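J.: Structure file coords-v3.cif, mmCIF, C-alpha atoms, is pasted below:
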```cif
data_query
#
loop_
_atom_site.label_atom_id
_atom_site.label_comp_id
_atom_site.auth_asym_id
_atom_site.auth_seq_id
_atom_site.Cartn_x
_atom_site.Cartn_y
_atom_site.Cartn_z
CA MET A 32 110.91 131.51 132.78
CA GLU A 33 113.62 129.52 134.53
CA LEU A 34 116.73 128.24 132.77
CA THR A 35 118.21 125.07 134.25
CA GLY A 36 120.71 122.49 133.12
CA ASP A 37 119.62 119.52 135.23
CA GLY A 38 117.17 118.11 132.67
CA LYS A 39 114.20 118.17 135.06
CA GLY A 40 110.80 119.59 134.16
CA LEU A 41 111.49 119.55 130.42
CA VAL A 42 108.79 119.01 127.80
CA ALA A 43 109.72 117.26 124.56
CA ASN A 44 108.49 118.80 121.30
CA ALA A 45 106.84 121.75 123.05
CA GLY A 46 106.54 123.53 119.69
CA VAL A 47 103.77 121.11 118.72
CA VAL A 48 101.51 122.82 121.27
CA LEU A 49 102.07 126.24 119.67
CA LEU A 50 101.19 124.98 116.19
CA ARG A 51 98.14 123.03 117.36
CA LYS A 52 96.80 125.92 119.48
CA THR A 53 97.25 128.33 116.58
CA ALA A 54 95.07 126.06 114.42
CA ASP A 55 92.49 125.94 117.20
CA VAL A 56 92.37 129.72 117.63
CA VAL A 57 91.89 130.50 113.92
CA GLY A 58 89.17 127.83 113.66
CA LEU A 59 91.05 125.43 111.39
CA THR A 60 90.69 122.40 113.67
CA ALA A 61 86.93 122.81 114.04
CA ARG A 62 86.35 123.48 110.33
CA ILE A 63 88.29 120.39 109.29
CA GLY A 64 86.26 118.40 111.80
CA GLU A 65 83.06 119.64 110.12
CA VAL A 66 84.30 118.30 106.78
CA PHE A 67 84.50 114.74 108.12
CA GLY A 68 81.83 114.75 110.79
CA PRO A 69 82.16 112.65 113.92
CA GLY A 70 84.50 109.66 113.80
CA ARG A 71 83.85 106.11 114.89
CA VAL A 72 84.81 107.17 118.39
CA GLU A 73 82.95 110.45 118.86
CA ARG A 74 85.45 111.85 121.35
CA ILE A 75 88.14 112.01 118.62
CA CYS A 76 87.72 114.92 116.20
CA ARG A 77 89.06 114.26 112.70
CA GLY A 78 90.17 117.87 112.58
CA ALA A 79 92.32 117.28 115.65
CA VAL A 80 93.72 114.14 114.00
CA LEU A 81 94.88 115.95 110.84
CA VAL A 82 96.03 119.16 112.53
CA GLY A 83 97.92 117.15 115.14
CA ALA A 84 99.61 115.11 112.41
CA ALA A 85 100.61 118.26 110.51
CA SER A 86 102.05 119.77 113.70
CA ALA A 87 104.02 116.61 114.44
CA ILE A 88 105.41 116.50 110.89
CA ALA A 89 106.52 120.14 111.27
CA ALA A 90 108.26 119.11 114.50
CA GLY A 91 110.19 116.33 112.78
CA ALA A 92 107.95 113.24 112.58
CA ARG A 93 108.78 111.16 109.49
CA ASN A 94 106.08 108.46 109.61
CA LEU A 95 102.68 107.85 111.18
CA SER A 96 104.08 105.86 114.08
CA GLN A 97 106.30 108.79 115.03
CA VAL A 98 103.27 111.09 114.80
CA GLU A 99 101.40 108.96 117.31
CA ARG A 100 104.35 108.78 119.73
CA MET A 101 104.99 112.52 119.52
CA LEU A 102 101.37 113.49 120.18
CA ALA A 103 100.89 110.97 122.98
CA GLY A 104 102.91 113.18 125.32
CA HIS A 105 100.49 116.09 124.82
CA ALA A 106 97.18 114.30 125.41
CA GLY A 107 96.77 116.21 128.67
CA THR A 108 97.12 119.52 126.82
CA PHE A 109 94.65 119.16 123.97
CA GLY A 110 93.12 115.70 124.24
CA SER A 111 93.63 112.57 122.21
CA CYS A 112 94.54 112.82 118.53
CA GLY A 113 93.97 109.14 117.91
CA SER A 114 96.32 106.32 116.99
CA ASP A 115 98.23 105.81 113.77
CA SER A 116 95.38 103.53 112.66
CA THR A 117 92.92 106.41 113.14
CA LEU A 118 95.16 108.67 111.06
CA TRP A 119 95.39 106.01 108.34
CA ARG A 120 91.59 105.72 108.17
CA THR A 121 91.21 109.50 108.08
CA LEU A 122 93.65 109.90 105.22
CA ASP A 123 92.08 106.99 103.33
CA SER A 124 88.64 108.63 103.53
CA ILE A 125 89.77 111.80 101.70
CA ASP A 126 88.39 111.95 98.15
CA GLU A 127 88.13 114.77 95.59
CA ARG A 128 85.02 116.17 97.25
CA ALA A 129 86.73 116.20 100.64
CA ILE A 130 89.79 117.91 99.16
CA LYS A 131 87.63 120.77 97.85
CA ARG A 132 85.86 121.14 101.21
CA LEU A 133 89.21 121.09 103.02
CA ALA A 134 90.48 123.86 100.72
CA ARG A 135 87.46 126.01 101.62
CA ALA A 136 88.04 125.33 105.32
CA ARG A 137 91.68 126.41 104.99
CA ALA A 138 90.71 129.58 103.12
CA ARG A 139 88.17 130.60 105.77
CA SER A 140 90.68 129.96 108.55
CA ARG A 141 93.37 131.93 106.70
CA ARG A 142 90.98 134.89 106.45
CA THR A 143 90.62 134.79 110.24
CA LEU A 144 94.38 134.48 110.70
CA TRP A 145 95.19 137.43 108.43
CA ARG A 146 92.67 139.61 110.25
CA MET A 147 94.40 138.72 113.52
CA LEU A 148 97.78 139.58 112.02
CA ALA A 149 96.46 142.94 110.82
CA ALA A 150 95.13 143.67 114.33
CA ARG A 151 98.59 143.34 115.90
CA PRO A 152 100.48 146.50 116.92
CA GLY A 153 102.86 145.90 114.00
CA GLY A 154 100.02 145.18 111.58
CA PHE A 155 100.11 142.74 108.69
CA PRO A 156 103.70 141.77 107.73
CA TRP A 157 104.14 143.78 104.53
CA LEU A 158 107.51 143.24 102.88
CA ARG A 159 110.15 145.92 102.44
CA VAL A 160 111.91 146.12 99.09
CA GLY A 161 114.41 148.77 98.11
CA GLY A 162 113.93 150.40 101.51
CA LYS A 163 110.20 150.91 100.88
CA ARG A 164 107.36 149.05 102.57
CA LEU A 165 104.99 147.48 100.04
CA ASP A 166 101.68 148.20 101.75
CA GLY A 167 98.89 146.12 100.29
CA TRP A 168 101.15 143.87 98.22
CA VAL A 169 100.96 140.13 98.86
CA VAL A 170 104.12 138.47 97.51
CA LEU A 171 103.74 134.95 96.14
CA ASP A 172 106.66 132.64 95.30
CA LEU A 173 106.28 129.58 93.07
CA ASP A 174 109.08 127.03 93.09
CA ALA A 175 109.65 123.32 92.66
CA THR A 176 111.37 121.19 95.25
CA ILE A 177 112.82 117.70 95.08
CA VAL A 178 111.87 115.31 97.89
CA GLY A 179 114.19 112.33 98.01
CA CYS A 180 112.98 108.78 98.69
CA HIS A 181 114.93 105.76 99.90
CA SER A 182 112.40 103.25 98.60
CA ARG A 183 109.83 102.93 95.82
CA LYS A 184 107.06 105.18 97.06
CA GLN A 185 104.09 106.09 94.90
CA ASN A 186 105.21 108.25 91.90
CA ALA A 187 108.84 108.17 93.05
CA THR A 188 111.11 108.17 89.98
CA GLY A 189 114.51 109.41 88.92
CA THR A 190 114.93 113.19 89.09
CA TYR A 191 116.73 115.57 86.76
CA LYS A 192 119.42 116.04 89.40
CA GLY A 193 120.30 112.37 89.31
CA GLY A 194 118.50 111.42 92.51
CA PHE A 195 115.33 109.43 93.21
CA GLY A 196 112.07 110.75 94.60
CA HIS A 197 109.43 113.38 93.84
CA HIS A 198 109.50 116.78 92.16
CA HIS A 199 106.69 118.77 93.78
CA LEU A 200 105.63 122.31 92.80
CA GLY A 201 104.45 124.65 95.53
CA GLY A 202 103.29 128.18 96.20
CA TRP A 203 104.35 130.18 99.27
CA ILE A 204 103.36 133.59 100.64
CA ALA A 205 106.56 135.52 101.37
CA ASN A 206 104.79 137.89 103.79
CA THR A 207 103.79 135.18 106.25
CA GLY A 208 105.83 132.16 105.16
CA GLU A 209 102.68 130.09 104.57
CA SER A 210 102.55 127.23 102.11
CA LEU A 211 99.27 127.66 100.23
CA SER A 212 99.51 124.84 97.71
CA ILE A 213 101.70 121.82 96.99
CA LEU A 214 101.16 119.93 93.75
CA PRO A 215 102.46 116.34 94.12
CA ARG A 216 104.42 115.33 91.03
CA PRO A 217 106.62 112.37 90.09
CA GLY A 218 110.36 112.82 90.19
CA ASN A 219 110.64 113.05 86.41
CA ALA A 220 108.13 115.92 86.13
CA GLY A 221 109.33 118.68 83.84
CA SER A 222 110.52 122.03 85.19
CA ASN A 223 108.78 124.15 82.54
CA THR A 224 105.38 122.46 82.67
CA ALA A 225 102.99 125.38 82.20
CA THR A 226 99.87 123.42 83.18
CA ASP A 227 101.37 122.68 86.60
CA HIS A 228 102.23 126.34 87.17
CA VAL A 229 98.71 127.38 86.15
CA THR A 230 97.17 124.77 88.48
CA VAL A 231 99.21 125.93 91.48
CA LEU A 232 98.54 129.60 90.71
CA ASP A 233 94.79 129.02 90.62
CA GLU A 234 94.86 127.03 93.86
CA VAL A 235 96.87 129.75 95.60
CA LEU A 236 94.52 132.50 94.48
CA THR A 237 91.57 130.70 96.05
CA GLN A 238 93.45 130.69 99.37
CA ILE A 239 94.29 134.40 99.50
CA PRO A 240 91.59 136.35 101.38
CA ASP A 241 89.53 138.32 98.87
CA GLU A 242 89.66 141.67 100.62
CA GLY A 243 90.50 145.13 99.35
CA LYS A 244 93.73 145.38 101.34
CA HIS A 245 95.00 142.16 99.73
CA SER A 246 94.04 143.06 96.17
CA LYS A 247 97.61 143.63 94.93
CA LEU A 248 99.66 140.55 94.13
CA LEU A 249 103.33 140.21 93.18
CA ILE A 250 104.15 136.76 91.76
CA ARG A 251 107.79 135.60 91.56
CA ILE A 252 108.81 132.48 89.62
CA ASP A 253 112.24 131.19 88.62
CA GLY A 254 113.23 130.33 85.06
CA ALA A 255 110.92 127.29 85.02
CA GLY A 256 107.96 129.63 84.57
CA ALA A 257 109.27 131.37 81.44
CA SER A 258 106.78 129.88 79.01
CA HIS A 259 104.12 131.46 76.81
CA ASP A 260 101.24 129.68 78.54
CA THR A 261 102.36 130.64 82.06
CA ILE A 262 103.00 134.29 81.19
CA ASP A 263 99.74 134.56 79.23
CA HIS A 264 97.90 133.17 82.26
CA LEU A 265 99.61 135.69 84.53
CA GLU A 266 98.54 138.50 82.21
CA ARG A 267 94.92 137.34 82.46
CA LEU A 268 94.90 137.24 86.28
CA GLY A 269 94.61 141.00 86.62
CA THR A 270 91.06 142.29 87.09
CA THR A 271 89.37 145.53 88.07
CA ARG A 272 89.57 144.36 91.69
CA ARG A 273 93.05 142.80 91.63
CA ARG A 274 96.38 144.10 90.33
CA VAL A 275 98.93 141.46 89.42
CA ALA A 276 102.65 142.09 88.91
CA TRP A 277 105.07 139.29 88.09
CA THR A 278 108.77 138.56 87.68
CA ILE A 279 110.13 135.39 86.04
CA GLY A 280 113.65 134.15 85.42
CA TRP A 281 114.62 134.25 81.74
CA THR A 282 116.90 131.89 79.83
CA ILE A 283 119.88 133.65 78.25
CA THR A 284 120.22 132.68 74.61
CA LYS A 285 122.33 134.10 71.80
CA LEU A 286 119.75 136.86 71.35
CA GLU A 287 120.18 138.03 74.95
CA GLU A 288 123.96 137.69 74.76
CA ALA A 289 124.02 139.92 71.67
CA ALA A 290 121.83 142.46 73.48
CA ILE A 291 124.11 142.43 76.54
CA LYS A 292 127.15 143.05 74.32
CA ALA A 293 125.35 146.03 72.78
CA LEU A 294 124.79 147.73 76.15
CA PRO A 295 127.11 150.71 76.70
CA GLU A 296 128.87 150.73 80.06
CA ARG A 297 127.18 153.98 81.09
CA VAL A 298 123.72 152.36 81.38
CA TRP A 299 124.79 149.88 84.06
CA ALA A 300 123.75 150.99 87.56
CA PRO A 301 124.48 149.41 90.98
CA TYR A 302 121.61 147.30 92.20
CA LEU A 303 120.06 147.70 95.64
CA GLU A 304 119.73 145.28 98.48
CA GLN A 305 116.29 144.63 99.96
CA ASP A 306 116.77 147.38 102.56
CA GLY A 307 117.49 149.97 99.87
CA THR A 308 121.26 150.17 100.35
CA ILE A 309 123.79 149.63 97.57
CA ALA A 310 124.96 146.04 97.33
CA PRO A 311 128.23 145.69 99.31
CA PRO A 312 131.52 144.47 97.81
CA ILE A 313 131.46 140.78 97.01
CA HIS A 314 133.75 138.47 98.98
CA TYR A 315 134.68 135.14 97.46
CA GLY A 316 136.72 132.38 99.03
CA LYS A 317 139.83 131.23 97.21
CA THR A 318 139.46 128.02 95.31
CA ASP A 319 141.59 126.31 97.95
CA GLY A 320 139.04 127.40 100.61
CA LYS A 321 141.73 128.73 102.96
CA THR A 322 141.63 132.48 102.36
CA ASP A 323 139.05 135.08 101.41
CA GLU A 324 139.32 137.35 98.40
CA ALA A 325 137.42 140.65 98.30
CA ARG A 326 136.06 141.94 95.01
CA SER A 327 135.50 145.69 94.98
CA GLU A 328 132.95 145.60 92.14
CA TYR A 329 129.28 145.94 92.89
CA GLY A 330 126.62 144.03 91.04
CA HIS A 331 124.86 146.09 88.37
CA VAL A 332 121.57 146.11 86.51
CA ALA A 333 120.41 147.42 83.13
CA GLU A 334 117.40 147.02 80.86
CA LEU A 335 117.33 144.88 77.75
CA THR A 336 113.77 145.64 76.70
CA GLY A 337 113.55 146.23 72.97
CA LEU A 338 116.97 144.81 72.11
CA PRO A 339 116.24 141.07 71.82
CA LYS A 340 113.57 140.85 69.11
CA ARG A 341 111.19 138.20 70.42
CA PRO A 342 107.73 138.46 68.82
CA GLY A 343 104.73 136.81 70.43
CA TRP A 344 105.41 137.91 74.01
CA PRO A 345 103.23 140.50 75.85
CA THR A 346 103.97 144.09 74.85
CA THR A 347 104.14 145.02 78.54
CA MET A 348 106.96 142.56 79.25
CA ARG A 349 110.36 143.99 80.12
CA LEU A 350 113.74 142.25 80.39
CA ILE A 351 116.13 143.28 83.18
CA VAL A 352 119.72 141.97 83.22
CA ARG A 353 121.86 141.72 86.36
CA ARG A 354 125.60 141.08 86.48
CA VAL A 355 127.90 140.07 89.35
CA PRO A 356 131.57 139.07 89.39
CA ILE A 357 132.17 135.43 88.52
CA ALA A 358 132.82 133.28 91.56
CA PRO A 359 136.21 131.50 91.48
CA ARG A 360 134.53 128.14 92.07
CA ASP A 361 132.28 128.62 89.01
CA GLN A 362 135.26 129.59 86.92
CA ALA A 363 137.23 126.58 88.12
CA ALA A 364 134.30 124.27 87.39
CA GLY A 365 133.84 125.72 83.91
CA LYS A 366 130.32 127.00 84.65
CA VAL A 367 130.74 130.15 82.58
CA THR A 368 129.78 131.02 79.02
CA ALA A 369 132.04 132.49 76.37
CA LEU A 370 130.54 135.93 76.97
CA GLU A 371 131.13 135.67 80.72
CA LYS A 372 134.74 134.61 80.17
CA THR A 373 135.28 137.67 77.99
CA THR A 374 133.63 140.22 80.29
CA GLY A 375 134.38 138.71 83.71
CA TRP A 376 130.74 139.06 84.79
CA LYS A 377 128.06 136.47 85.54
CA TYR A 378 124.68 137.43 84.01
CA ALA A 379 121.05 136.72 84.90
CA VAL A 380 117.99 138.03 83.09
CA THR A 381 114.53 138.57 84.57
CA ALA A 382 111.27 139.14 82.69
CA THR A 383 108.65 141.33 84.36
CA ASN A 384 105.47 143.23 83.58
CA ILE A 385 106.22 145.93 86.17
CA GLN A 386 106.34 149.33 84.52
CA ARG A 387 105.83 152.12 87.02
CA MET A 388 103.13 150.98 89.40
CA ARG A 389 102.16 153.08 92.38
CA GLY A 390 103.68 151.77 95.59
CA ILE A 391 106.51 149.81 93.92
CA PRO A 392 110.02 151.32 93.93
CA GLY A 393 111.21 150.65 90.40
CA SER A 394 111.06 146.96 89.53
CA PHE A 395 111.89 143.63 91.09
CA THR A 396 113.97 140.64 90.26
CA ARG A 397 114.71 137.56 92.29
CA ASN A 398 118.05 136.00 93.10
CA GLY A 399 118.84 132.50 94.26
CA SER A 400 118.13 133.29 97.91
CA MET A 401 114.52 134.30 97.20
CA SER A 402 115.14 137.96 98.15
CA CYS A 403 114.08 140.91 96.04
CA ILE A 404 116.41 143.42 94.42
CA ALA A 405 115.16 146.86 93.54
CA ILE A 406 115.81 147.91 89.94
CA THR A 407 114.98 151.07 88.06
CA PRO A 408 113.79 151.14 84.45
CA SER A 409 115.72 152.80 81.68
CA SER A 410 114.43 156.03 80.16
CA ARG A 411 113.91 154.54 76.72
CA THR A 412 114.71 151.53 74.62
CA THR A 413 115.90 151.25 71.07
CA SER A 414 112.31 150.67 70.02
CA GLY A 415 108.96 151.45 71.55
CA PRO A 416 107.61 154.43 73.50
CA ARG A 417 109.58 156.54 75.93
CA ARG A 418 109.66 155.20 79.47
CA PRO A 419 109.80 157.02 82.83
CA PRO A 420 113.15 158.53 83.98
CA ALA A 421 115.85 155.90 84.03
CA TRP A 422 117.44 156.31 87.42
CA ALA A 423 114.75 157.93 89.57
CA CYS A 424 115.15 155.26 92.27
CA CYS A 425 118.72 154.25 91.56
CA PRO A 426 121.49 154.96 94.09
CA ARG A 427 124.28 157.28 93.11
CA ARG A 428 127.65 155.87 92.22
CA PRO A 429 130.66 156.60 94.44
CA GLY A 430 131.65 160.17 93.74
CA GLY A 431 128.10 161.44 93.40
CA SER A 432 127.58 160.94 89.67
CA THR A 433 124.34 159.45 88.43
CA PRO A 434 124.37 157.54 85.13
CA ARG A 435 122.19 158.74 82.30
CA GLY A 436 121.45 157.28 78.95
CA SER A 437 119.43 154.56 77.34
CA CYS A 438 119.78 150.94 76.39
#
```
I'd like the structure from this file rewritten - as structure tokens, please.
T.:
Amino acid sequence: MELTGDGKGLVANAGVVLLRKTADVVGLTARIGEVFGPGRVERICRGAVLVGAASAIAAGARNLSQVERMLAGHAGTFGSCGSDSTLWRTLDSIDERAIKRLARARARSRRTLWRMLAARPGGFPWLRVGGKRLDGWVVLDLDATIVGCHSRKQNATGTYKGGFGHHHLGGWIANTGESLSILPRPGNAGSNTATDHVTVLDEVLTQIPDEGKHSKLLIRIDGAGASHDTIDHLERLGTTRRRVAWTIGWTITKLEEAAIKALPERVWAPYLEQDGTIAPPIHYGKTDGKTDEARSEYGHVAELTGLPKRPGWPTTMRLIVRRVPIAPRDQAAGKVTALEKTTGWKYAVTATNIQRMRGIPGSFTRNGSMSCIAITPSSRTTSGPRRPPAWACCPRRPGGSTPRGSC
């Protein structure tokens, strides 16, 4: 490799080649071509047309004309990918039957890809949570995303954030960063729509290779998934061949606030970062943005299971509460509840079905940055059977003491 600054011998959008060649190697290009058969001009494969367009979009293309211009510079590398008219005709020919066949082609290619990843010296990219590698656990994230529009596109409407566009729901594999399913939705689609979550979950499961080493699934959803229908569906996903664990954000109501008030201080324990270390002191900028203020408090976690009396939910469901110091900007903007003003902590509650499953260090929750936090269950709750030891995986507090007690 030679590094020069004269601008000679440069290739624009070289990353397109890497994406396109990856699709070729795992067989995706050929399998998509089989779905459509030969095109009007037999030298142009419809698989190359769609894979090339996807690669160009990933490299920054925003319309079909830009796709054509971007791929034209690489015709000598992997042949012609057709014009924008060819891409239009290809997209227009996709019906429900073609969508199902394309999904099967993607799943077969993903099976090939994951086998290649497992054959690397580093093996398949298993995640590390709480300092422990989760061998065999495929981590799935469901989340909605707003895509803004500057004109009246199909299904573009006003969004709940005051903008204009679409409100799609997608599923991503955290291990590999792959997007397995995107459900197109209008901008005014609801956040807590259980049928949409169920649809995306089912589509994602058909894409995950059905092999023994991928038979354990951890599903993480934000508060939009906290509905009876979604949680009941998650509970039914587990089979004799597949273990399913899940964590979902939980809305804090007066019931949860009363339960948080009832927690004695001794049951709060410092939470762990993803690498297993205790969360560091929190640094917040001053409200004027000129200086930085350090807060010595760590974030803490505790268990609420059994305190808020909510009948009708699965008996295996647990509630974990996390607290962090209130950011000055939130306090200045008035984004705090009466309880948070009184205690000085910002609270978040997570629902999970994780009890004490082999290979998982304690439990998981999910913060705004999509990372996991290791939590340990309490030894017992005010009602229900005795649970495993409370702080088996919990770090010791400064000074060496380990909290004991129950919620």
J.: Using 5 Å of padding on each side, determine the axis-aligned box around all atoms of segment 358-361 of chain A present in the file and give its centre and edge lengths in Å to one decimal, as JSON.
T.:
```
{"center_x": 134.2, "center_y": 130.7, "center_z": 90.5, "size_x": 13.9, "size_y": 15.1, "size_z": 13.1}
```
J.: If I take atom CA of Ala379 of chain A and atom CA of Val298 of chain A, how far is one from the other in Å, to one decimal?
T.: 16.3 Å
J.: Write out as JSON lines the residues of segment 104-192 of chain A that have any atom within 8 Å of an atom of segment 199-221 of chain A, one row each with the nearest atom pair and its distance in Å to one decimal, counting only C-alpha atoms, sorted by chain and then rising number.
T.:
```
{"residue": "A:Pro156", "atom": "CA", "partner": "A:Asn206", "partner_atom": "CA", "distance": 5.6}
{"residue": "A:Trp157", "atom": "CA", "partner": "A:Asn206", "partner_atom": "CA", "distance": 6.0}
{"residue": "A:Leu158", "atom": "CA", "partner": "A:Asn206", "partner_atom": "CA", "distance": 6.1}
{"residue": "A:Val169", "atom": "CA", "partner": "A:Asn206", "partner_atom": "CA", "distance": 6.6}
{"residue": "A:Val170", "atom": "CA", "partner": "A:Ala205", "partner_atom": "CA", "distance": 5.4}
{"residue": "A:Leu171", "atom": "CA", "partner": "A:Ile204", "partner_atom": "CA", "distance": 4.7}
{"residue": "A:Asp172", "atom": "CA", "partner": "A:Trp203", "partner_atom": "CA", "distance": 5.2}
{"residue": "A:Leu173", "atom": "CA", "partner": "A:Gly202", "partner_atom": "CA", "distance": 4.5}
{"residue": "A:Asp174", "atom": "CA", "partner": "A:Gly201", "partner_atom": "CA", "distance": 5.7}
{"residue": "A:Ala175", "atom": "CA", "partner": "A:Leu200", "partner_atom": "CA", "distance": 4.1}
{"residue": "A:Thr176", "atom": "CA", "partner": "A:His199", "partner_atom": "CA", "distance": 5.5}
{"residue": "A:Ile177", "atom": "CA", "partner": "A:His199", "partner_atom": "CA", "distance": 6.4}
{"residue": "A:Val178", "atom": "CA", "partner": "A:His199", "partner_atom": "CA", "distance": 7.5}
{"residue": "A:Asn186", "atom": "CA", "partner": "A:Pro217", "partner_atom": "CA", "distance": 4.7}
{"residue": "A:Ala187", "atom": "CA", "partner": "A:Pro217", "partner_atom": "CA", "distance": 5.6}
{"residue": "A:Thr188", "atom": "CA", "partner": "A:Gly218", "partner_atom": "CA", "distance": 4.7}
{"residue": "A:Gly189", "atom": "CA", "partner": "A:Gly218", "partner_atom": "CA", "distance": 5.5}
{"residue": "A:Thr190", "atom": "CA", "partner": "A:Gly218", "partner_atom": "CA", "distance": 4.7}
{"residue": "A:Tyr191", "atom": "CA", "partner": "A:Asn219", "partner_atom": "CA", "distance": 6.6}
```
J.: Could you state the separation of atom CA of Arg51 of chain A and atom CA of His105 of chain A in Å, given to one decimal place?
T.: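 Pair atom CA of Arg51 of chain A / atom CA of His105 of chain A returns 10.5 Å.
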J.: Rounded to one decimal place, report the atom CA of Val56 of chain A-atom CA of Leu148 of chain A distance in Å.
T.: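 Separation between atom CA of Val56 of chain A and atom CA of Leu148 of chain A: 12.6 Å.
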J.: I'd like the neighbourhood of Ile88 of chain A as a PDB file with C-alpha atoms, keeping the file's coordinate frame, where a residue qualifies if any of its atoms comes within 9 Å (using all atoms listed in the file), though same-chain residues fewer than 5 positions away should be ignored.
T.:
```pdb
ATOM      1  CA  GLY A  83      97.920 117.150 115.140  1.00  0.00           C
ATOM      2  CA  ARG A  93     108.780 111.160 109.490  1.00  0.00           C
ATOM      3  CA  ASN A  94     106.080 108.460 109.610  1.00  0.00           C
ATOM      4  CA  GLN A  97     106.300 108.790 115.030  1.00  0.00           C
ATOM      5  CA  VAL A  98     103.270 111.090 114.800  1.00  0.00           C
TER       6      VAL A  98
END
```
J.: Of the candidates A:Arg132, A:Cys76, A:Gly104, A:Ala45, which one gets nearest to Thr117 of chain A if we count all atoms listed in the file?
T.: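 Closest to Thr117 of chain A, using all atoms listed in the file: A:Cys76.
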J.: Tell me which residues the PyMOL selection byres ((chain A and resi 279) around 7) grabs here, as a list in words.
T.: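 Answer for the PyMOL selection byres ((chain A and resi 279) around 7): Arg251, Ile252, Asp253, Gly254, Gly256, Ala257, Trp277, Thr278, Gly280, Trp281, Thr381, Ala382 and Thr383 of chain A.
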J.: Write the residues of the selection above to a file with C-alpha atoms, as a PDB file, keeping the file's coordinate frame.
T.:
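Writing done, so here's out31.pdb:
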```pdb
ATOM      1  CA  ARG A 251     107.790 135.600  91.560  1.00  0.00           C
ATOM      2  CA  ILE A 252     108.810 132.480  89.620  1.00  0.00           C
ATOM      3  CA  ASP A 253     112.240 131.190  88.620  1.00  0.00           C
ATOM      4  CA  GLY A 254     113.230 130.330  85.060  1.00  0.00           C
ATOM      5  CA  GLY A 256     107.960 129.630  84.570  1.00  0.00           C
ATOM      6  CA  ALA A 257     109.270 131.370  81.440  1.00  0.00           C
ATOM      7  CA  TRP A 277     105.070 139.290  88.090  1.00  0.00           C
ATOM      8  CA  THR A 278     108.770 138.560  87.680  1.00  0.00           C
ATOM      9  CA  GLY A 280     113.650 134.150  85.420  1.00  0.00           C
ATOM     10  CA  TRP A 281     114.620 134.250  81.740  1.00  0.00           C
ATOM     11  CA  THR A 381     114.530 138.570  84.570  1.00  0.00           C
ATOM     12  CA  ALA A 382     111.270 139.140  82.690  1.00  0.00           C
ATOM     13  CA  THR A 383     108.650 141.330  84.360  1.00  0.00           C
TER      14      THR A 383
END
```
J.: Name the residues in contact with Val57 of chain A at a cut-off of 12 Å, using all atoms listed in the file, excluding same-chain residues fewer than 6 positions from it; report them as a VMD selection string.
T.: chain A and resid 50 to 51 63 136 to 148
J.: Just checking: using only C-alpha atoms, which residue out of A:Ser96, A:Ala90, A:Lys163, A:Lys52 ends up closest to Asp306 of chain A?
T.: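 Using only C-alpha atoms, the shortest distance to Asp306 of chain A belongs to A:Lys163.
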J.: Please check which residues have atoms at most 7 Å from (99.2, 106.1, 117.6) in the file's coordinates, counting all atoms listed in the file, and write them as JSON, numbers by chain.
T.: {"A": [96, 99, 100, 113, 114, 115, 116]}
J.: Now that the selection is made, can you save its residues with C-alpha atoms as an mmCIF file, in the coordinates of the input?
T.:
```
data_model
loop_
_atom_site.group_PDB
_atom_site.id
_atom_site.type_symbol
_atom_site.label_atom_id
_atom_site.label_comp_id
_atom_site.auth_asym_id
_atom_site.auth_seq_id
_atom_site.Cartn_x
_atom_site.Cartn_y
_atom_site.Cartn_z
ATOM 1 C CA SER A 96 104.080 105.860 114.080
ATOM 2 C CA GLU A 99 101.400 108.960 117.310
ATOM 3 C CA ARG A 100 104.350 108.780 119.730
ATOM 4 C CA GLY A 113 93.970 109.140 117.910
ATOM 5 C CA SER A 114 96.320 106.320 116.990
ATOM 6 C CA ASP A 115 98.230 105.810 113.770
ATOM 7 C CA SER A 116 95.380 103.530 112.660
#
```
J.: Once the PyMOL selection byres ((chain A and resi 374) around 12) has been applied to the shown file, what residues remain in the selection, as a PyMOL selection string?
T.: chain A and resi 288+291-292+296+354-357+367-373+375-378
J.: When the PyMOL selection byres ((chain A and resi 267-269) around 10) is applied to the structure above, which residues does it catch, written out as an mmCIF file with C-alpha atoms, in the frame of the given file?
T.:
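Output (out_35.cif):
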```cif
data_model
loop_
_atom_site.group_PDB
_atom_site.id
_atom_site.type_symbol
_atom_site.label_atom_id
_atom_site.label_comp_id
_atom_site.auth_asym_id
_atom_site.auth_seq_id
_atom_site.Cartn_x
_atom_site.Cartn_y
_atom_site.Cartn_z
ATOM 1 C CA LEU A 232 98.540 129.600 90.710
ATOM 2 C CA ASP A 233 94.790 129.020 90.620
ATOM 3 C CA LEU A 236 94.520 132.500 94.480
ATOM 4 C CA SER A 246 94.040 143.060 96.170
ATOM 5 C CA LYS A 247 97.610 143.630 94.930
ATOM 6 C CA LEU A 248 99.660 140.550 94.130
ATOM 7 C CA ILE A 262 103.000 134.290 81.190
ATOM 8 C CA ASP A 263 99.740 134.560 79.230
ATOM 9 C CA HIS A 264 97.900 133.170 82.260
ATOM 10 C CA LEU A 265 99.610 135.690 84.530
ATOM 11 C CA GLU A 266 98.540 138.500 82.210
ATOM 12 C CA THR A 270 91.060 142.290 87.090
ATOM 13 C CA THR A 271 89.370 145.530 88.070
ATOM 14 C CA ARG A 272 89.570 144.360 91.690
ATOM 15 C CA ARG A 273 93.050 142.800 91.630
ATOM 16 C CA ARG A 274 96.380 144.100 90.330
ATOM 17 C CA VAL A 275 98.930 141.460 89.420
ATOM 18 C CA ALA A 276 102.650 142.090 88.910
#
```
